[in-house]
Amino acid sequence: MFIIPVMAVLYGLILGSFFNVLICRIPEKKSILRPASHCPKCKTPIKPLHNIPLFSYLLLGGKCHSCKQPIAITYPLIEALTAAAALAIWYFYPPSPHPLSWQSITVYSIRAAFLLLIIPISMIDLRHYIIPDLFTLPILAIAAGIAFLPGNPTLLDALYGILGGGGLLLAIGAIGSLLLKKDAMGGGDIKLMAAAGALWGAQTALLSILFGALIGSVYGVILMAIKKINSEHQIPFGPFLGAGIWIAVLFGEKLLSAYLQFADRLAGG
Ligand SMILES: [Zn+2]
């Protein structure tokens, strides 16, 4: 049965290579199909042998075959990260073992695709401080659309999820904007969490925001402590929300029941 994890890794590597194209071209509003992959420095088209995810980077020693300039380390890193993400989904988030129907397989595929898309979304937010509508609007439309299929999530689950995920961030953003007198929350973050809420329901959406805010605060405090930034510094929230979604979806149930057990013991003893 080790064939499936190997397939997951290979699939992740190829998908990661495609994510690299999205990360470079979508913020610049360039076509993702044309021109074919080329070196960003010397513009030489990349031969198929030099375009194999991860492997070609190692084969070329991290340098462009024609101009010998270094290839950004982010390319192989994104490919490796996507492969690891695909493996983690296979291992920690398998399709439910209950009788699989075409509805549950559809919902599962869309949820898994969303988890993987968090990688290019986070990279673009880190670099450009924006989560393009090109990602969030189709995801939100598809996520809301599958609620109309029979089975889970139901229409009501999706509605609560959209309100819980998107609505909470909208409210936090509105309060933040009043207090800070500047835009405190990006519209992309709100749409991202509305989509997560539509796909997984309100509980997972709220846990995602909680985890995302915790990780983001720790990161912010560490950055301030090493004096690289002050409180005026802009920190993109997307990557933290994305990490929060991953933790909530893969481990939310376990973490929540462990927490409730712990709280029970405190109350009892
Ligand atoms: Zn080159």
# chains A, B, ... in the order shown; residues from 1 in each chain; ligands from 1
>>> residues_near_ligand(ligand="ligand 1", cutoff="12 Å", atoms="only C-alpha atoms and all ligand atoms", output="list in words")
Ser37, His38, Cys39, Pro40, Lys41, Cys42, Lys43, Thr44, Pro45, Ile46, Lys47, His50, Leu60, Gly62, Lys63, Cys64, His65, Ser66, Cys67, Lys68, Gln69, Pro70, Ile71 and Ala72 of chain A
>>> write_last_selection(atoms="C-alpha atoms", output="JSON list (two decimals), in the first residue's frame")
[["chain", "number", "residue", "atom", "x", "y", "z"],
["A", 37, "SER", "CA", 8.48, 28.33, -18.47],
["A", 38, "HIS", "CA", 11.59, 30.43, -18.92],
["A", 39, "CYS", "CA", 14.45, 31.65, -16.78],
["A", 40, "PRO", "CA", 13.28, 34.93, -15.16],
["A", 41, "LYS", "CA", 16.80, 36.34, -15.58],
["A", 42, "CYS", "CA", 17.94, 35.45, -19.12],
["A", 43, "LYS", "CA", 14.46, 34.58, -20.48],
["A", 44, "THR", "CA", 15.76, 31.35, -22.07],
["A", 45, "PRO", "CA", 12.97, 28.76, -22.34],
["A", 46, "ILE", "CA", 13.50, 25.87, -19.92],
["A", 47, "LYS", "CA", 13.99, 22.44, -21.51],
["A", 50, "HIS", "CA", 15.46, 21.05, -16.67],
["A", 60, "LEU", "CA", 21.46, 21.92, -12.24],
["A", 62, "GLY", "CA", 20.58, 25.48, -8.32],
["A", 63, "LYS", "CA", 21.77, 27.45, -11.37],
["A", 64, "CYS", "CA", 20.13, 28.31, -14.70],
["A", 65, "HIS", "CA", 21.51, 26.05, -17.44],
["A", 66, "SER", "CA", 22.14, 28.95, -19.86],
["A", 67, "CYS", "CA", 23.03, 32.03, -17.79],
["A", 68, "LYS", "CA", 24.37, 30.19, -14.69],
["A", 69, "GLN", "CA", 22.57, 32.66, -12.41],
["A", 70, "PRO", "CA", 21.17, 31.13, -9.22],
["A", 71, "ILE", "CA", 17.58, 29.85, -9.32],
["A", 72, "ALA", "CA", 15.54, 31.17, -6.38]]
>>> residues_around(residues="Ile245 (chain A)", least_positions_apart="5", cutoff="8 Å", atoms="only C-alpha atoms", output="list in words")
Leu115, Ala196, Thr204, Ala205, Leu207, Ser208, Ile209, Phe211 and Gly212 of chain A
>>> select_by_dssp(residues="region 129-265 of chain A", states="alpha helix (DSSP H)", output="ChimeraX atom specification")
/A:133-146,155-162,168-180,187-200,202-225,238-265
>>> closest_residue(among="A:Ala86, A:Leu33, A:Ile121, A:Leu59", to="Ala8 (chain A)", atoms="only C-alpha atoms")
A:Ala86
>>> closest_residue(among="A:Ile146, A:Met123, A:Leu178, A:Ala248", to="Pro27 (chain A)", atoms="only C-alpha atoms")
A:Met123
>>> residues_around(residues="Lys191 (chain A)", least_positions_apart="5", cutoff="9 Å", atoms="only C-alpha atoms", output="mmCIF file with C-alpha atoms, in the first residue's frame")
data_model
loop_
_atom_site.group_PDB
_atom_site.id
_atom_site.type_symbol
_atom_site.label_atom_id
_atom_site.label_comp_id
_atom_site.auth_asym_id
_atom_site.auth_seq_id
_atom_site.Cartn_x
_atom_site.Cartn_y
_atom_site.Cartn_z
ATOM 1 C CA ASP A 133 -9.978 37.488 -5.897
ATOM 2 C CA THR A 136 -10.993 33.423 -3.286
ATOM 3 C CA LEU A 137 -14.085 34.158 -5.389
ATOM 4 C CA LEU A 140 -16.152 30.709 -2.309
ATOM 5 C CA ILE A 162 -19.699 31.783 6.025
ATOM 6 C CA GLY A 165 -15.613 32.622 9.300
ATOM 7 C CA GLY A 166 -16.134 35.653 7.071
ATOM 8 C CA GLY A 186 -7.933 42.615 4.071
ATOM 9 C CA ALA A 196 -13.314 27.782 4.700
#
>>> closest_residue(among="A:Lys30, A:Lys228, A:His233, A:Arg111", to="Ala198 (chain A)", atoms="only C-alpha atoms")
A:Arg111
>>> residues_around(residues="Gly173 (chain A)", least_positions_apart="4", cutoff="8 Å", atoms="only C-alpha atoms", output="PyMOL selection string")
chain A and resi 169+177+183-186
>>> write_last_selection(atoms="N, CA and C atoms", output="PDB file, in the first residue's frame")
ATOM      1  N   LEU A 169     -14.344  37.801  10.919  1.00  0.00           N
ATOM      2  CA  LEU A 169     -13.200  38.604  10.462  1.00  0.00           C
ATOM      3  C   LEU A 169     -13.649  40.000  10.046  1.00  0.00           C
ATOM      4  N   SER A 177     -10.419  48.796  12.367  1.00  0.00           N
ATOM      5  CA  SER A 177     -10.310  50.000  11.545  1.00  0.00           C
ATOM      6  C   SER A 177     -10.717  51.237  12.340  1.00  0.00           C
ATOM      7  N   ASP A 183      -7.224  50.566   7.491  1.00  0.00           N
ATOM      8  CA  ASP A 183      -7.778  49.255   7.166  1.00  0.00           C
ATOM      9  C   ASP A 183      -7.053  48.163   7.938  1.00  0.00           C
ATOM     10  N   ALA A 184      -7.786  47.457   8.808  1.00  0.00           N
ATOM     11  CA  ALA A 184      -7.137  46.484   9.678  1.00  0.00           C
ATOM     12  C   ALA A 184      -7.225  45.072   9.113  1.00  0.00           C
ATOM     13  N   MET A 185      -8.173  44.837   8.214  1.00  0.00           N
ATOM     14  CA  MET A 185      -8.354  43.476   7.717  1.00  0.00           C
ATOM     15  C   MET A 185      -8.536  43.506   6.207  1.00  0.00           C
ATOM     16  N   GLY A 186      -7.805  42.645   5.521  1.00  0.00           N
ATOM     17  CA  GLY A 186      -7.933  42.615   4.071  1.00  0.00           C
ATOM     18  C   GLY A 186      -9.205  41.897   3.645  1.00  0.00           C
TER      19      GLY A 186
END
>>> residues_around(residues="Ala158 (chain A)", least_positions_apart="4", cutoff="10 Å", atoms="only C-alpha atoms", output="PyMOL selection string")
chain A and resi 143-148+152-154+162-164+194-202
>>> closest_residue(among="A:Pro236, A:Ile4, A:Ile89, A:Gly244", to="Ala113 (chain A)", atoms="only C-alpha atoms")
A:Ile89
>>> closest_residue(among="A:Ala36, A:Leu210, A:Leu223, A:Met7", to="Met193 (chain A)", atoms="only C-alpha atoms")
A:Leu210
>>> atom_distance(atom1="CA of Ile118 (chain A)", atom2="CA of Glu79 (chain A)")
13.5 Å
>>> closest_residue(among="A:Leu100, A:Ile124, A:Leu87, A:Leu49", to="Asn20 (chain A)", atoms="only C-alpha atoms")
A:Ile124
>>> atom_distance(atom1="CA of Arg265 (chain A)", atom2="CA of Ile215 (chain A)")
26.5 Å
>>> residues_around(residues="Trp102 (chain A)", least_positions_apart="6", cutoff="12 Å", atoms="only C-alpha atoms", output="CSV table (one decimal) with N, CA and C atoms, in the first residue's frame")
chain,number,residue,atom,x,y,z
A,95,PRO,N,-10.2,10.4,3.1
A,95,PRO,CA,-11.7,10.5,2.9
A,95,PRO,C,-12.3,9.6,4.0
A,108,TYR,N,-14.9,16.0,-0.7
A,108,TYR,CA,-13.6,15.7,-0.2
A,108,TYR,C,-12.5,16.3,-1.2
A,109,SER,N,-12.7,16.1,-2.5
A,109,SER,CA,-11.7,16.6,-3.4
A,109,SER,C,-11.6,18.2,-3.4
A,146,ILE,N,-21.4,23.6,-3.4
A,146,ILE,CA,-21.5,22.1,-3.0
A,146,ILE,C,-22.5,22.0,-1.8
A,149,LEU,N,-25.6,20.3,-2.8
A,149,LEU,CA,-25.6,18.8,-3.0
A,149,LEU,C,-26.2,18.1,-1.8
A,150,PRO,N,-26.8,17.0,-2.0
A,150,PRO,CA,-27.3,16.3,-0.8
A,150,PRO,C,-26.1,15.8,0.1
A,151,GLY,N,-26.3,15.6,1.4
A,151,GLY,CA,-25.3,15.2,2.3
A,151,GLY,C,-24.6,16.4,2.9
